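**Q** One structure is given below, represented as C-alpha cells, and several questions about it will come after.
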Amino acid sequence: MKSHLIRLAVVSLFTLLLLVSSAACASSQVAAGKQPAAAQILAPTSPATQALALGSKQAGNLTVSLFSNPNPPIRGNNAFEAFVTDAQGQPVSDAKLSFDIDMTNMSHGKNVVTASPLGEGHYSATINLFMPGPWRVIVIVERAGQTETVRFDFNVNWK
C-alpha cells in the first residue's frame, strides 16, 4: 500500500511539473510578443489536444473544435485555437476566423479578435480574459460568401 501511495505521489508531482513548465513556456511566448498555438498543430484527436479542448460544435456544414492553452482558461493571456473541418471531415484552410469574446454575466462591449491561419484547418489568436467568471467565445467562420457562428461557454479561473 505504501509503495502505491509513493508511486501516486511521484506521478502527481510529475504531472504538476509538466503543467507548470507548459504554462511558463506559453506565458514567456506571449510576453515575447509571440503567439503560442494552443495545440501546437497536433492531430485534433491526440491526447495533448483533447486535454486542451473546450469542445466541438457544428456550424452549418462545418465542425469547429475550440482549444485553450491553458485549459481551463485563466485570467490573463490565453492561446485559443480553432480547428475547422468540412462535412467530409477535411480541414478547412480557406476561411477567415475571428473570436468574439465577452462575459455572459456582464457585457464589456464588443471585443473581436481576428485569428491567424496556421494551416491544415487550424486558426489561432491570443486572447486576454481580464476577469474570472463566466465567458463566451463566438467563433465566426467566413468562407465562400457565407458566415457561420458557434458559441462556446466556459469559466475563467484565477491563475
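Ordered as shown in the C-alpha cells, chains take letters A, B, and onward, while each chain numbers its residues from 1 and ligands are numbered from 1 in the order shown.
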Can you pull out every residue within 12 Å of A:His108, counting only C-alpha atoms, but drop anything in the same chain fewer than 2 positions away, and send it as a ChimeraX atom specification?

**A** /A:100-106,110-112,129-131,135-136

**Q** Name the residues in contact with A:Asp94 at a cut-off of 12 Å, using only C-alpha atoms, excluding same-chain residues fewer than 3 positions from it; report them as a VMD selection string.

**A** chain A and resid 84 to 86 90 to 91 97 116 to 123 141 to 145

**Q** Store the residues picked out above in a file with N, CA and C atoms, as a PDB file, in the first residue's frame.

**A**
```
ATOM      1  N   VAL A  84     -11.058  23.659 -37.878  1.00  0.00           N
ATOM      2  CA  VAL A  84     -12.292  23.661 -38.673  1.00  0.00           C
ATOM      3  C   VAL A  84     -12.202  22.581 -39.738  1.00  0.00           C
ATOM      4  N   THR A  85     -13.268  21.761 -39.811  1.00  0.00           N
ATOM      5  CA  THR A  85     -13.355  20.731 -40.852  1.00  0.00           C
ATOM      6  C   THR A  85     -14.681  20.877 -41.585  1.00  0.00           C
ATOM      7  N   ASP A  86     -14.714  20.364 -42.837  1.00  0.00           N
ATOM      8  CA  ASP A  86     -15.936  20.412 -43.628  1.00  0.00           C
ATOM      9  C   ASP A  86     -16.780  19.156 -43.368  1.00  0.00           C
ATOM     10  N   GLN A  90     -12.630  17.010 -43.778  1.00  0.00           N
ATOM     11  CA  GLN A  90     -11.376  17.555 -44.297  1.00  0.00           C
ATOM     12  C   GLN A  90     -11.107  18.937 -43.686  1.00  0.00           C
ATOM     13  N   PRO A  91      -9.843  19.230 -43.346  1.00  0.00           N
ATOM     14  CA  PRO A  91      -9.510  20.540 -42.782  1.00  0.00           C
ATOM     15  C   PRO A  91      -9.868  21.678 -43.739  1.00  0.00           C
ATOM     16  N   LEU A  97     -11.341  33.498 -39.802  1.00  0.00           N
ATOM     17  CA  LEU A  97     -11.922  33.244 -38.482  1.00  0.00           C
ATOM     18  C   LEU A  97     -11.682  34.415 -37.551  1.00  0.00           C
ATOM     19  N   SER A 116      -5.278  34.076 -36.649  1.00  0.00           N
ATOM     20  CA  SER A 116      -4.287  33.878 -37.706  1.00  0.00           C
ATOM     21  C   SER A 116      -4.375  32.447 -38.214  1.00  0.00           C
ATOM     22  N   PRO A 117      -4.346  32.253 -39.527  1.00  0.00           N
ATOM     23  CA  PRO A 117      -4.351  30.884 -40.051  1.00  0.00           C
ATOM     24  C   PRO A 117      -2.999  30.227 -39.802  1.00  0.00           C
ATOM     25  N   LEU A 118      -3.049  28.997 -39.305  1.00  0.00           N
ATOM     26  CA  LEU A 118      -1.832  28.232 -39.046  1.00  0.00           C
ATOM     27  C   LEU A 118      -1.632  27.135 -40.082  1.00  0.00           C
ATOM     28  N   GLY A 119      -2.651  26.907 -40.911  1.00  0.00           N
ATOM     29  CA  GLY A 119      -2.587  25.842 -41.909  1.00  0.00           C
ATOM     30  C   GLY A 119      -3.315  24.595 -41.459  1.00  0.00           C
ATOM     31  N   GLU A 120      -3.681  23.779 -42.416  1.00  0.00           N
ATOM     32  CA  GLU A 120      -4.345  22.493 -42.170  1.00  0.00           C
ATOM     33  C   GLU A 120      -5.570  22.621 -41.271  1.00  0.00           C
ATOM     34  N   GLY A 121      -6.338  23.709 -41.450  1.00  0.00           N
ATOM     35  CA  GLY A 121      -7.591  23.881 -40.721  1.00  0.00           C
ATOM     36  C   GLY A 121      -7.474  24.502 -39.349  1.00  0.00           C
ATOM     37  N   HIS A 122      -6.267  24.893 -38.939  1.00  0.00           N
ATOM     38  CA  HIS A 122      -6.040  25.481 -37.614  1.00  0.00           C
ATOM     39  C   HIS A 122      -5.935  26.998 -37.711  1.00  0.00           C
ATOM     40  N   TYR A 123      -6.557  27.687 -36.744  1.00  0.00           N
ATOM     41  CA  TYR A 123      -6.539  29.143 -36.652  1.00  0.00           C
ATOM     42  C   TYR A 123      -6.293  29.503 -35.191  1.00  0.00           C
ATOM     43  N   VAL A 141     -16.884  32.087 -38.555  1.00  0.00           N
ATOM     44  CA  VAL A 141     -16.188  31.489 -39.696  1.00  0.00           C
ATOM     45  C   VAL A 141     -16.783  32.074 -40.972  1.00  0.00           C
ATOM     46  N   GLU A 142     -15.951  32.786 -41.740  1.00  0.00           N
ATOM     47  CA  GLU A 142     -16.377  33.352 -43.021  1.00  0.00           C
ATOM     48  C   GLU A 142     -15.684  32.570 -44.133  1.00  0.00           C
ATOM     49  N   ARG A 143     -16.523  32.020 -45.045  1.00  0.00           N
ATOM     50  CA  ARG A 143     -15.974  31.190 -46.124  1.00  0.00           C
ATOM     51  C   ARG A 143     -16.940  31.169 -47.296  1.00  0.00           C
ATOM     52  N   ALA A 144     -16.429  31.390 -48.481  1.00  0.00           N
ATOM     53  CA  ALA A 144     -17.216  31.306 -49.719  1.00  0.00           C
ATOM     54  C   ALA A 144     -18.492  32.145 -49.638  1.00  0.00           C
ATOM     55  N   GLY A 145     -18.369  33.358 -49.094  1.00  0.00           N
ATOM     56  CA  GLY A 145     -19.515  34.258 -49.036  1.00  0.00           C
ATOM     57  C   GLY A 145     -20.536  33.928 -47.962  1.00  0.00           C
TER      58      GLY A 145
END
```
